[in-house]
$ cat structure13.txt   # compact mmCIF, C-alpha atoms
# COMPACT_ATOMS: atom_id res chain seq x y z
CA MET A 5 120.01 145.31 118.43
CA THR A 6 116.85 143.39 119.29
CA ILE A 7 113.57 144.90 120.42
CA THR A 8 110.25 143.32 121.32
CA VAL A 9 107.02 144.30 119.55
CA LEU A 10 103.78 143.81 121.46
CA LEU A 11 100.46 143.48 119.64
CA PHE A 12 96.97 143.71 121.15
CA ALA A 13 93.33 143.09 120.32
CA SER A 14 92.59 143.51 116.60
CA TYR A 15 96.29 144.01 115.79
CA ALA A 16 97.22 140.75 117.49
CA ASP A 17 94.45 139.07 115.48
CA ALA A 18 95.77 140.68 112.28
CA LEU A 19 99.33 139.37 112.68
CA GLY A 20 98.28 136.16 114.40
CA ARG A 21 100.44 136.76 117.46
CA SER A 22 100.78 139.06 120.45
CA ALA A 23 104.55 139.50 120.52
CA LEU A 24 107.53 139.20 118.23
CA GLU A 25 111.18 140.20 118.13
CA LEU A 26 112.76 142.53 115.60
CA SER A 27 116.43 143.11 114.78
CA LEU A 28 117.10 146.75 114.06
CA PRO A 29 120.24 148.83 113.50
CA GLN A 30 121.48 151.06 116.33
CA GLY A 31 119.67 154.40 116.27
CA ALA A 32 116.47 152.92 114.85
CA THR A 33 113.25 154.74 115.74
CA VAL A 34 109.66 153.74 116.41
CA ALA A 35 108.96 154.40 112.72
CA ASP A 36 111.76 152.02 111.74
CA ALA A 37 110.24 149.32 113.93
CA MET A 38 106.89 149.85 112.21
CA ALA A 39 108.64 149.55 108.84
CA GLY A 40 110.18 146.30 110.06
CA LEU A 41 106.69 144.80 110.37
CA ALA A 42 105.75 145.79 106.83
CA GLY A 43 106.52 142.50 105.10
CA MET A 44 104.74 140.25 107.59
CA PRO A 45 101.48 138.49 106.74
CA GLY A 46 98.55 140.52 108.08
CA SER A 47 100.56 143.69 108.55
CA ASP A 48 98.52 145.31 105.79
CA ARG A 49 95.62 145.34 108.28
CA LEU A 50 97.51 147.75 110.55
CA PRO A 51 96.95 151.47 109.93
CA PRO A 52 99.88 153.48 108.50
CA SER A 53 100.50 155.38 111.77
CA PRO A 54 99.14 153.50 114.77
CA LEU A 55 99.53 154.71 118.33
CA VAL A 56 102.70 153.38 119.92
CA ALA A 57 104.02 153.01 123.45
CA VAL A 58 107.63 152.27 124.35
CA ASN A 59 108.20 150.58 127.70
CA GLU A 60 104.62 151.33 128.80
CA ARG A 61 104.67 155.03 127.92
CA TRP A 62 103.14 156.78 124.95
CA ALA A 63 105.83 157.48 122.34
CA ALA A 64 106.24 159.53 119.17
CA ARG A 65 107.25 157.98 115.84
CA ASP A 66 110.67 159.59 115.93
CA GLN A 67 111.60 158.25 119.36
CA VAL A 68 114.97 156.45 119.20
CA LEU A 69 114.89 152.87 120.46
CA ARG A 70 117.40 151.00 122.59
CA ALA A 71 118.15 147.29 122.77
CA GLY A 72 115.53 145.46 124.81
CA ASP A 73 112.84 148.12 124.39
CA GLN A 74 109.23 146.94 124.35
CA VAL A 75 107.40 148.62 121.50
CA ALA A 76 103.63 148.25 121.86
CA ILE A 77 101.41 148.89 118.84
CA ILE A 78 98.19 150.21 120.32
CA PRO A 79 94.80 149.80 118.60
CA PRO A 80 92.22 152.54 119.21
CA VAL A 81 91.47 152.28 122.92
CA ALA A 82 87.95 151.36 124.00
CA GLY A 83 87.99 151.28 127.80
CA GLY A 84 85.26 152.49 130.07
CA MET B 24 37.04 183.05 156.42
CA THR B 25 39.67 181.08 158.33
CA ILE B 26 43.00 179.95 156.94
CA THR B 27 45.85 178.02 158.53
CA VAL B 28 49.38 179.43 158.60
CA LEU B 29 52.24 176.93 158.83
CA LEU B 30 55.64 177.95 160.16
CA PHE B 31 58.90 176.01 159.88
CA ALA B 32 62.45 175.96 161.17
CA SER B 33 63.70 179.43 162.15
CA TYR B 34 60.28 180.99 161.51
CA ALA B 35 58.58 178.52 163.84
CA ASP B 36 61.23 179.38 166.46
CA ALA B 37 60.61 183.10 165.89
CA LEU B 38 56.87 182.90 166.54
CA GLY B 39 57.11 180.09 169.07
CA ARG B 40 54.72 177.82 167.19
CA SER B 41 54.45 175.82 163.98
CA ALA B 42 50.81 176.57 163.06
CA LEU B 43 48.13 179.13 163.75
CA GLU B 44 44.77 180.18 162.38
CA LEU B 45 43.94 183.56 160.91
CA SER B 46 40.56 185.15 160.20
CA LEU B 47 40.66 187.09 156.96
CA PRO B 48 38.01 188.80 154.83
CA GLN B 49 36.84 187.10 151.63
CA GLY B 50 39.20 187.90 148.76
CA ALA B 51 42.23 188.20 151.02
CA THR B 52 45.61 187.41 149.42
CA VAL B 53 48.86 185.83 150.57
CA ALA B 54 50.09 189.36 151.29
CA ASP B 55 47.07 189.99 153.50
CA ALA B 56 47.81 186.81 155.45
CA MET B 57 51.38 188.01 155.98
CA ALA B 58 50.04 191.36 157.19
CA GLY B 59 47.82 189.46 159.61
CA LEU B 60 50.92 188.07 161.33
CA ALA B 61 52.45 191.51 161.75
CA GLY B 62 51.31 192.22 165.31
CA MET B 63 52.34 188.86 166.76
CA PRO B 64 55.33 188.53 169.11
CA GLY B 65 58.37 187.41 167.13
CA SER B 66 56.91 188.35 163.75
CA ASP B 67 59.53 191.09 163.47
CA ARG B 68 62.06 188.27 162.94
CA LEU B 69 60.39 187.26 159.67
CA PRO B 70 61.66 188.94 156.51
CA PRO B 71 59.32 191.41 154.75
CA SER B 72 58.67 189.09 151.79
CA PRO B 73 59.29 185.47 152.67
CA LEU B 74 58.69 182.60 150.27
CA VAL B 75 55.16 181.24 150.57
CA ALA B 76 53.38 178.07 149.54
CA VAL B 77 49.61 177.62 149.48
CA ASN B 78 48.34 174.05 149.84
CA GLU B 79 51.86 172.65 149.20
CA ARG B 80 52.56 174.66 146.06
CA TRP B 81 54.72 177.72 145.64
CA ALA B 82 52.55 180.83 145.53
CA ALA B 83 52.89 184.51 144.67
CA ARG B 84 52.03 187.30 147.12
CA ASP B 85 48.95 188.32 145.16
CA GLN B 86 47.38 184.85 145.12
CA VAL B 87 43.81 185.01 146.42
CA LEU B 88 43.10 182.67 149.34
CA ARG B 89 40.07 180.53 150.05
CA ALA B 90 38.63 179.32 153.33
CA GLY B 91 40.66 176.39 154.68
CA ASP B 92 43.80 177.13 152.69
CA GLN B 93 47.10 176.18 154.24
CA VAL B 94 49.54 179.04 153.86
CA ALA B 95 53.11 177.96 154.57
CA ILE B 96 55.74 180.59 155.28
CA ILE B 97 58.94 179.09 153.95
CA PRO B 98 62.38 179.98 155.34
CA PRO B 99 65.32 179.86 152.90
CA VAL B 100 65.56 176.17 151.96
CA ALA B 101 68.71 174.25 152.88
CA GLY B 102 68.21 170.71 151.65
CA GLY B 103 70.85 168.50 150.08
CA MET C 1 59.35 155.27 136.67
CA THR C 2 61.23 157.93 138.53
CA ARG C 3 60.76 157.89 142.31
CA ALA C 4 61.36 160.17 145.29
CA ALA C 5 61.05 159.81 149.06
CA LEU C 6 61.83 161.29 152.44
CA ARG C 7 63.29 158.89 155.01
CA ASP C 8 63.83 159.02 158.74
CA GLN C 9 66.15 156.03 158.58
CA PRO C 10 69.65 155.80 156.97
CA LEU C 11 69.61 155.98 153.18
CA ASP C 12 70.71 152.89 151.26
CA ALA C 13 72.78 154.16 148.33
CA GLY C 14 73.65 150.67 147.14
CA ALA C 15 69.99 149.65 146.90
CA MET C 16 69.19 152.84 145.00
CA LEU C 17 72.04 152.22 142.55
CA ALA C 18 70.75 148.69 141.99
CA GLU C 19 67.23 150.03 141.51
CA VAL C 20 68.19 152.20 138.52
CA SER C 21 70.69 149.80 136.94
CA SER C 22 69.73 147.65 133.99
CA SER C 23 71.27 146.32 130.82
CA THR C 24 69.53 149.00 128.75
CA ASN C 25 71.78 151.56 130.48
CA GLY C 26 75.49 151.96 129.87
CA ALA C 27 76.09 154.38 132.72
CA ALA C 28 74.92 154.98 136.26
CA VAL C 29 75.78 157.97 138.43
CA LEU C 30 75.23 158.08 142.17
CA PHE C 31 75.43 161.29 144.16
CA VAL C 32 75.66 161.16 147.95
CA GLY C 33 75.54 164.31 150.06
CA THR C 34 76.95 163.78 153.54
CA VAL C 35 77.27 165.70 156.79
CA ARG C 36 80.61 167.45 156.81
CA ASP C 37 82.63 168.25 159.90
CA ILE C 38 83.16 171.91 158.98
CA SER C 39 80.63 174.56 157.95
CA GLU C 40 81.70 178.14 157.33
CA GLY C 41 84.84 177.44 159.31
CA ARG C 42 82.93 176.15 162.37
CA ALA C 43 83.35 172.61 163.66
CA VAL C 44 80.07 170.72 163.26
CA THR C 45 79.04 167.63 165.25
CA GLY C 46 75.71 166.86 163.56
CA ILE C 47 72.73 168.25 161.68
CA ASP C 48 68.96 168.15 162.22
CA TYR C 49 67.03 167.96 158.95
CA THR C 50 63.39 168.98 158.99
CA ALA C 51 60.90 169.53 156.16
CA TYR C 52 57.46 170.63 155.17
CA GLU C 53 57.03 166.98 154.45
CA ALA C 54 53.99 166.83 152.18
CA MET C 55 55.31 169.61 149.98
CA ALA C 56 58.90 168.36 150.06
CA VAL C 57 57.84 164.93 148.77
CA ARG C 58 55.76 166.59 146.08
CA GLU C 59 58.70 168.78 145.01
CA LEU C 60 61.16 165.88 145.05
CA GLU C 61 58.81 163.81 142.90
CA SER C 62 58.36 166.69 140.53
CA ILE C 63 62.14 167.22 140.25
CA ALA C 64 62.71 163.52 139.56
CA ALA C 65 60.01 163.44 136.88
CA GLU C 66 61.26 166.67 135.28
CA ALA C 67 64.82 165.35 135.23
CA GLY C 68 63.62 162.14 133.64
CA ALA C 69 61.85 164.02 130.88
CA ARG C 70 64.64 166.54 130.39
CA PHE C 71 67.49 164.02 130.20
CA GLY C 72 65.61 161.07 128.76
CA THR C 73 65.50 158.39 131.43
CA GLU C 74 62.98 156.71 133.70
CA ASP C 75 65.77 155.31 135.85
CA LEU C 76 66.15 158.04 138.43
CA VAL C 77 65.48 157.87 142.15
CA VAL C 78 66.10 160.43 144.86
CA GLU C 79 65.80 160.16 148.62
CA HIS C 80 66.37 162.78 151.32
CA ARG C 81 66.96 162.02 154.96
CA LEU C 82 65.17 163.73 157.85
CA GLY C 83 66.02 163.73 161.56
CA THR C 84 69.31 164.09 163.37
CA LEU C 85 72.38 162.99 161.40
CA GLY C 86 75.91 162.41 162.64
CA LEU C 87 79.11 163.29 160.80
CA GLY C 88 79.52 161.42 157.53
CA GLU C 89 75.89 160.30 157.35
CA ALA C 90 74.12 160.66 154.01
CA SER C 91 71.54 163.45 153.87
CA VAL C 92 70.61 162.96 150.22
CA VAL C 93 71.17 160.25 147.60
CA ILE C 94 70.45 160.55 143.88
CA ALA C 95 70.82 157.52 141.61
CA CYS C 96 70.45 157.91 137.88
CA ALA C 97 71.12 155.53 135.00
CA HIS C 98 71.02 156.25 131.29
CA PRO C 99 72.15 154.60 128.07
CA HIS C 100 74.85 157.31 127.84
CA ARG C 101 77.15 158.75 130.47
CA ALA C 102 76.80 162.46 129.66
CA GLN C 103 73.10 162.47 130.42
CA ALA C 104 73.54 160.34 133.57
CA PHE C 105 76.00 162.90 134.97
CA GLU C 106 73.92 165.90 133.91
CA ALA C 107 70.68 164.51 135.32
CA ALA C 108 72.22 163.78 138.73
CA ARG C 109 73.81 167.20 138.84
CA TRP C 110 70.60 168.95 137.82
CA VAL C 111 68.60 167.12 140.49
CA ILE C 112 70.86 168.14 143.37
CA GLU C 113 70.87 171.78 142.23
CA GLU C 114 67.06 171.80 142.02
CA ILE C 115 66.76 170.20 145.45
CA LYS C 116 68.88 172.96 146.93
CA ARG C 117 66.82 175.56 145.11
CA ARG C 118 63.24 174.55 145.75
CA VAL C 119 62.55 171.71 148.16
CA PRO C 120 61.29 172.93 151.56
CA ILE C 121 63.88 171.21 153.75
CA TRP C 122 65.87 172.97 156.46
CA LYS C 123 68.89 172.07 158.49
CA ARG C 124 70.05 173.08 161.94
CA GLU C 125 73.74 172.54 162.54
CA HIS C 126 75.11 171.46 165.91
CA TYR C 127 78.47 173.01 166.75
CA VAL C 128 81.16 171.75 169.07
CA ASP C 129 80.47 174.60 171.49
CA GLY C 130 76.97 173.14 172.03
CA THR C 131 75.09 175.81 170.08
CA ARG C 132 72.71 175.07 167.21
CA GLU C 133 71.79 177.24 164.27
CA TRP C 134 69.43 177.08 161.30
CA VAL C 135 71.40 177.31 158.08
CA ASP C 136 70.43 180.16 155.77
CA PRO C 137 72.07 179.67 152.36
CA THR C 138 70.90 183.14 151.28
CA ARG C 139 73.08 184.76 153.92
CA ALA C 140 76.28 186.27 152.51
CA GLY C 141 79.27 183.97 152.77
CA MET C 142 77.31 180.76 153.18
CA GLU C 143 77.58 179.42 149.66
CA ALA C 144 81.34 178.87 149.57
CA GLY C 145 81.27 176.51 152.52
CA ARG C 146 78.54 174.19 151.35
CA SER C 147 78.81 170.84 149.65
CA MET D 14 95.79 158.75 148.39
CA THR D 15 94.20 158.22 145.02
CA ARG D 16 94.20 154.59 143.83
CA ALA D 17 93.64 152.65 140.61
CA ALA D 18 93.42 148.97 139.71
CA LEU D 19 92.49 146.44 137.07
CA ARG D 20 90.35 143.52 138.25
CA ASP D 21 89.37 140.19 136.77
CA GLN D 22 86.59 139.79 139.32
CA PRO D 23 83.35 141.81 139.69
CA LEU D 24 83.89 145.39 140.82
CA ASP D 25 82.51 146.38 144.22
CA ALA D 26 81.07 149.88 143.77
CA GLY D 27 79.76 150.02 147.34
CA ALA D 28 83.19 149.28 148.82
CA MET D 29 84.75 151.94 146.59
CA LEU D 30 82.16 154.51 147.66
CA ALA D 31 82.88 153.68 151.30
CA GLU D 32 86.62 153.95 150.64
CA VAL D 33 86.41 157.60 149.54
CA SER D 34 83.75 158.72 152.01
CA SER D 35 84.67 160.61 155.16
CA SER D 36 83.30 163.42 157.27
CA THR D 37 85.73 165.89 155.70
CA ASN D 38 83.78 165.48 152.45
CA GLY D 39 80.29 166.81 151.85
CA ALA D 40 79.78 165.05 148.53
CA ALA D 41 80.59 161.73 146.90
CA VAL D 42 80.00 160.82 143.26
CA LEU D 43 80.10 157.28 141.94
CA PHE D 44 80.22 156.49 138.24
CA VAL D 45 79.51 152.97 137.03
CA GLY D 46 79.92 151.98 133.39
CA THR D 47 78.02 148.82 132.52
CA VAL D 48 77.63 146.46 129.59
CA ARG D 49 74.67 147.59 127.54
CA ASP D 50 72.44 145.31 125.50
CA ILE D 51 72.66 147.43 122.34
CA SER D 52 75.70 148.78 120.51
CA GLU D 53 75.33 150.70 117.27
CA GLY D 54 71.91 149.16 116.86
CA ARG D 55 73.21 145.59 117.23
CA ALA D 56 72.03 143.32 120.05
CA VAL D 57 74.95 142.52 122.34
CA THR D 58 75.20 139.50 124.65
CA GLY D 59 78.52 140.25 126.36
CA ILE D 60 81.90 141.94 126.07
CA ASP D 61 85.50 140.75 126.45
CA TYR D 62 87.75 143.40 127.98
CA THR D 63 91.49 143.08 127.48
CA ALA D 64 94.36 145.44 128.23
CA TYR D 65 98.03 146.13 127.94
CA GLU D 66 97.90 145.56 131.66
CA ALA D 67 101.13 147.09 132.95
CA MET D 68 100.60 150.24 130.94
CA ALA D 69 96.87 150.41 131.64
CA VAL D 70 97.47 150.34 135.39
CA ARG D 71 100.11 153.00 135.04
CA GLU D 72 97.75 155.22 133.00
CA LEU D 73 94.84 154.68 135.40
CA GLU D 74 97.04 155.61 138.35
CA SER D 75 98.26 158.66 136.53
CA ILE D 76 94.70 159.75 135.67
CA ALA D 77 93.58 159.30 139.29
CA ALA D 78 96.54 161.30 140.59
CA GLU D 79 96.07 164.04 138.00
CA ALA D 80 92.36 164.28 138.81
CA GLY D 81 93.19 164.51 142.50
CA ALA D 82 95.58 167.39 141.90
CA ARG D 83 93.34 169.12 139.37
CA PHE D 84 90.15 168.99 141.45
CA GLY D 85 91.66 169.06 144.92
CA THR D 86 90.97 165.71 146.52
CA GLU D 87 92.86 162.61 147.63
CA ASP D 88 89.64 160.65 147.85
CA LEU D 89 89.42 159.19 144.38
CA VAL D 90 89.60 155.55 143.33
CA VAL D 91 89.10 153.96 139.95
CA GLU D 92 88.89 150.31 138.95
CA HIS D 93 88.46 148.74 135.53
CA ARG D 94 87.28 145.20 134.90
CA LEU D 95 88.99 142.75 132.54
CA GLY D 96 87.71 139.45 131.15
CA THR D 97 84.33 138.44 129.79
CA LEU D 98 81.38 140.44 131.12
CA GLY D 99 77.67 139.72 130.79
CA LEU D 100 74.93 142.28 130.23
CA GLY D 101 74.60 144.80 133.03
CA GLU D 102 77.98 143.98 134.58
CA ALA D 103 80.17 146.89 135.62
CA SER D 104 83.20 147.48 133.40
CA VAL D 105 84.48 150.56 135.21
CA VAL D 106 83.78 152.22 138.55
CA ILE D 107 84.99 155.65 139.64
CA ALA D 108 84.39 156.87 143.19
CA CYS D 109 85.27 160.41 144.15
CA ALA D 110 84.56 162.44 147.27
CA HIS D 111 85.22 166.11 147.89
CA PRO D 112 84.23 168.77 150.39
CA HIS D 113 82.06 170.31 147.63
CA ARG D 114 79.74 168.71 145.09
CA ALA D 115 80.83 170.61 141.96
CA GLN D 116 84.36 169.25 142.15
CA ALA D 117 83.20 165.72 142.99
CA PHE D 118 81.06 165.66 139.83
CA GLU D 119 83.73 167.25 137.67
CA ALA D 120 86.49 164.94 138.86
CA ALA D 121 84.44 161.78 138.19
CA ARG D 122 83.46 163.04 134.75
CA TRP D 123 87.03 164.01 133.87
CA VAL D 124 88.34 160.60 134.92
CA ILE D 125 85.95 158.63 132.69
CA GLU D 126 86.71 160.86 129.71
CA GLU D 127 90.47 160.41 130.22
CA ILE D 128 90.07 156.65 130.57
CA LYS D 129 88.29 156.52 127.22
CA ARG D 130 90.98 158.68 125.68
CA ARG D 131 94.22 157.15 126.83
CA VAL D 132 94.11 153.88 128.75
CA PRO D 133 95.13 150.88 126.60
CA ILE D 134 92.05 148.74 127.13
CA TRP D 135 90.07 147.12 124.33
CA LYS D 136 86.71 145.46 124.10
CA ARG D 137 85.32 142.81 121.83
CA GLU D 138 81.55 142.69 121.65
CA HIS D 139 79.61 139.43 121.34
CA TYR D 140 76.49 139.74 119.20
CA VAL D 141 73.34 137.63 119.26
CA ASP D 142 74.22 136.19 115.87
CA GLY D 143 77.33 134.60 117.42
CA THR D 144 79.87 136.95 115.86
CA ARG D 145 82.43 138.98 117.82
CA GLU D 146 84.06 142.24 116.92
CA TRP D 147 86.68 144.55 118.38
CA VAL D 148 85.20 147.98 119.04
CA ASP D 149 86.93 150.87 117.29
CA PRO D 150 85.67 154.17 118.72
CA THR D 151 87.55 156.09 116.02
CA ARG D 152 85.37 154.57 113.32
CA ALA D 153 82.66 156.91 112.03
CA GLY D 154 79.30 156.38 113.69
CA MET D 155 80.65 154.62 116.76
CA GLU D 156 80.58 157.52 119.18
CA ALA D 157 76.82 158.05 119.26
CA GLY D 158 76.17 154.54 120.47
CA ARG D 159 78.59 154.46 123.37
CA SER D 160 77.91 155.02 127.03
$ encode --input "structure13.txt" --output "structure tokens"
Amino acid sequence: MTITVLLFASYADALGRSALELSLPQGATVADAMAGLAGMPGSDRLPPSPLVAVNERWAARDQVLRAGDQVAIIPPVAGG
Amino acid sequence: MTITVLLFASYADALGRSALELSLPQGATVADAMAGLAGMPGSDRLPPSPLVAVNERWAARDQVLRAGDQVAIIPPVAGG
Amino acid sequence: MTRAALRDQPLDAGAMLAEVSSSTNGAAVLFVGTVRDISEGRAVTGIDYTAYEAMAVRELESIAAEAGARFGTEDLVVEHRLGTLGLGEASVVIACAHPHRAQAFEAARWVIEEIKRRVPIWKREHYVDGTREWVDPTRAGMEAGRS
Amino acid sequence: MTRAALRDQPLDAGAMLAEVSSSTNGAAVLFVGTVRDISEGRAVTGIDYTAYEAMAVRELESIAAEAGARFGTEDLVVEHRLGTLGLGEASVVIACAHPHRAQAFEAARWVIEEIKRRVPIWKREHYVDGTREWVDPTRAGMEAGRS
């Protein structure tokens, strides 16, 4: 299945883009999606366990993904 | 000596006026000034120990007065 | 400089907010106390505010200066309205800015509590039945209904 | 109804204060966060604010609704600015009104703390030396310098 990864702020700078697609096996989790980024240039500048949202809601690392999910990797928030 | 007593809000209503003069002996205190109001019509509607200010500053009952002092009898404040 | 005033005209909260704001501050807090339509369960139509004016100004100035020293800001202004106010009109406005938000909140909160504690201002509520009464916050049961 | 929004134009604190004010409320509190000229001891000339917009709006709305339920008011609005802001410009405005002042203060304070905790918004500071840096509040030493 294919999911979309969204990157923001310093993480988008690190990987040089703000979105990408990943192919993952059925049953893959948030953690698997993170592992799927591991080989990409700049991914070493992401922390080992960043905050993640799936489809605009905060998600745990063991959340199971479905085809078409939007997985957002969230840098430390700095609003206000 | 002569001092001025100022009355406000419900206390002014009680005594029917907002200022009056009192003749007091030298060395008289805030408490003596209060006692000097005792016989006046409406003075029974004042509490036994109201808040008092002398010359625009909060004052204790044993503060000694001087000629010309302004003694304000202060109802419970309700600003804000 | 901190600043305080009594006014017999409507208070301008926006101007007071602008007065304290600057790029040295990261946070501004504005408090506005307004005439509420209910007091102690009675329907209110308006309020007369009266003061021992010379002393009230002195106390307001002293509260503003003390708050500035206590919370570390010069950007604090407070104004209290006098006269007859209709429903929803502002009786008191406090504007405070500070480099940091915690102190801006705490200073504004401290100022309104001190005003209610020690500034010689009184209010007479007008009720729908046409009667008027001086408010005595020391009377049992009053505190719960106040803003 | 509580309300939340992201804006790419200047925030209008006065309009938001008016929006929450009514004669059923005795108190209104406005919080304004602004761009400060110093961050962690470095001179700042401006800040870019960016967000995961769909999620940020959802989180802001949820915070406003939760604050309304928690503190007992429907009169709460919050707006956050996006884009490039100059010194002194407002990045966030919270307006809250309540029958009583304690809850108005507490609701506004709670909302800004929640925004800083869980709304996906980021800021990149511009420094006088021409460099720009994303702000990471989780980095040691950052917290003391923030508004």
$ closest_atom_pairs --input "structure13.txt" --of "chain A" --to "chain D" --cutoff "9 Å" --atoms "only C-alpha atoms" --output "JSON lines"
{"residue": "A:Leu10", "atom": "CA", "partner": "D:Tyr65", "partner_atom": "CA", "distance": 9.0}
{"residue": "A:Phe12", "atom": "CA", "partner": "D:Tyr65", "partner_atom": "CA", "distance": 7.3}
{"residue": "A:Ala13", "atom": "CA", "partner": "D:Trp135", "partner_atom": "CA", "distance": 6.6}
{"residue": "A:Ser14", "atom": "CA", "partner": "D:Trp147", "partner_atom": "CA", "distance": 6.3}
{"residue": "A:Ala57", "atom": "CA", "partner": "D:Met68", "partner_atom": "CA", "distance": 8.7}
{"residue": "A:Asn59", "atom": "CA", "partner": "D:Met68", "partner_atom": "CA", "distance": 8.3}
{"residue": "A:Glu60", "atom": "CA", "partner": "D:Met68", "partner_atom": "CA", "distance": 4.7}
{"residue": "A:Arg61", "atom": "CA", "partner": "D:Met68", "partner_atom": "CA", "distance": 7.0}
{"residue": "A:Ala76", "atom": "CA", "partner": "D:Tyr65", "partner_atom": "CA", "distance": 8.5}
{"residue": "A:Ile78", "atom": "CA", "partner": "D:Pro133", "partner_atom": "CA", "distance": 7.0}
{"residue": "A:Pro79", "atom": "CA", "partner": "D:Trp135", "partner_atom": "CA", "distance": 7.9}
{"residue": "A:Pro80", "atom": "CA", "partner": "D:Asp149", "partner_atom": "CA", "distance": 5.9}
{"residue": "A:Val81", "atom": "CA", "partner": "D:Pro133", "partner_atom": "CA", "distance": 5.4}
{"residue": "A:Ala82", "atom": "CA", "partner": "D:Trp135", "partner_atom": "CA", "distance": 4.8}
{"residue": "A:Gly83", "atom": "CA", "partner": "D:Ile134", "partner_atom": "CA", "distance": 4.8}
{"residue": "A:Gly84", "atom": "CA", "partner": "D:Val105", "partner_atom": "CA", "distance": 5.5}
$ write_last_selection --input "structure13.txt" --atoms "C-alpha atoms" --output "PDB file, in the frame of the given file"
ATOM      1  CA  LEU A  10     103.780 143.810 121.460  1.00  0.00           C
ATOM      2  CA  PHE A  12      96.970 143.710 121.150  1.00  0.00           C
ATOM      3  CA  ALA A  13      93.330 143.090 120.320  1.00  0.00           C
ATOM      4  CA  SER A  14      92.590 143.510 116.600  1.00  0.00           C
ATOM      5  CA  ALA A  57     104.020 153.010 123.450  1.00  0.00           C
ATOM      6  CA  ASN A  59     108.200 150.580 127.700  1.00  0.00           C
ATOM      7  CA  GLU A  60     104.620 151.330 128.800  1.00  0.00           C
ATOM      8  CA  ARG A  61     104.670 155.030 127.920  1.00  0.00           C
ATOM      9  CA  ALA A  76     103.630 148.250 121.860  1.00  0.00           C
ATOM     10  CA  ILE A  78      98.190 150.210 120.320  1.00  0.00           C
ATOM     11  CA  PRO A  79      94.800 149.800 118.600  1.00  0.00           C
ATOM     12  CA  PRO A  80      92.220 152.540 119.210  1.00  0.00           C
ATOM     13  CA  VAL A  81      91.470 152.280 122.920  1.00  0.00           C
ATOM     14  CA  ALA A  82      87.950 151.360 124.000  1.00  0.00           C
ATOM     15  CA  GLY A  83      87.990 151.280 127.800  1.00  0.00           C
ATOM     16  CA  GLY A  84      85.260 152.490 130.070  1.00  0.00           C
TER      17      GLY A  84
END
$ closest_residue --input "structure13.txt" --among "D:Leu30, D:Met14, D:Gly85, D:Ser36" --to "Asp37 (chain C)" --atoms "all atoms listed in the file"
D:Ser36
$ residues_near_point --input "structure13.txt" --point "(76.7, 159.6, 129.3)" --cutoff "9 Å" --atoms "only C-alpha atoms" --output "PyMOL selection string"
(chain C and resi 26-28+97-106) or (chain D and resi 159-160)
$ closest_residue --input "structure13.txt" --among "C:Ser22, C:Gln9, C:Thr2, C:Thr73" --to "chain D" --atoms "only C-alpha atoms"
C:Ser22
$ closest_residue --input "structure13.txt" --among "D:Glu87, D:Asp21, D:Glu53, D:Asp142" --to "chain C" --atoms "all atoms listed in the file"
D:Glu53
$ axis_aligned_box --input "structure13.txt" --around "region 21-29 of chain A" --padding-each-side "3 Å" --output "lines of an AutoDock Vina configuration file"
center_x = 110.3
center_y = 142.8
center_z = 117.0
size_x = 25.8
size_y = 18.1
size_z = 13.0
$ residues_around --input "structure13.txt" --residues "Ala56 (chain B)" --least-positions-apart "5" --cutoff "8 Å" --atoms "all atoms listed in the file" --output "PyMOL selection string"
chain B and resi 45+47+51
$ atom_distance --input "structure13.txt" --atom1 "CA of Glu44 (chain B)" --atom2 "CA of Ala82 (chain B)"
18.6 Å
$ atom_distance --input "structure13.txt" --atom1 "CA of Ser21 (chain C)" --atom2 "CA of Asp75 (chain C)"
7.5 Å
$ atom_distance --input "structure13.txt" --atom1 "CA of Leu30 (chain B)" --atom2 "CA of Ala42 (chain B)"
5.8 Å
$ closest_residue --input "structure13.txt" --among "D:Arg20, D:Arg122, D:Arg83, D:His139" --to "chain C" --atoms "only C-alpha atoms"
D:Arg122
$ residues_around --input "structure13.txt" --residues "region 61-70 of chain B" --least-positions-apart "2" --cutoff "6 Å" --atoms "all atoms listed in the file" --output "list in words"
Ala37, Leu38, Ala58, Gly59, Ser72 and Pro73 of chain B
$ decode --input "structure13.txt" --residues "region 112-116 of chain D" --atoms "N, CA, C and O atoms" --output "short mmCIF file (atom, residue, chain, number, x, y, z; two decimals), in the first residue's frame"
data_model
loop_
_atom_site.label_atom_id
_atom_site.label_comp_id
_atom_site.auth_asym_id
_atom_site.auth_seq_id
_atom_site.Cartn_x
_atom_site.Cartn_y
_atom_site.Cartn_z
N PRO D 112 -18.88 35.23 33.20
CA PRO D 112 -19.52 36.00 34.27
C PRO D 112 -18.54 36.44 35.36
O PRO D 112 -18.68 37.53 35.91
N HIS D 113 -17.52 35.62 35.65
CA HIS D 113 -16.61 35.91 36.76
C HIS D 113 -15.16 35.98 36.30
O HIS D 113 -14.72 35.24 35.44
N ARG D 114 -14.39 36.86 36.95
CA ARG D 114 -13.03 37.14 36.47
C ARG D 114 -12.06 35.97 36.63
O ARG D 114 -11.18 35.79 35.80
N ALA D 115 -12.19 35.20 37.71
CA ALA D 115 -11.21 34.12 37.93
C ALA D 115 -11.20 33.18 36.74
O ALA D 115 -10.14 32.81 36.21
N GLN D 116 -12.38 32.76 36.30
CA GLN D 116 -12.46 31.82 35.19
C GLN D 116 -12.02 32.44 33.87
O GLN D 116 -11.45 31.76 33.01
#
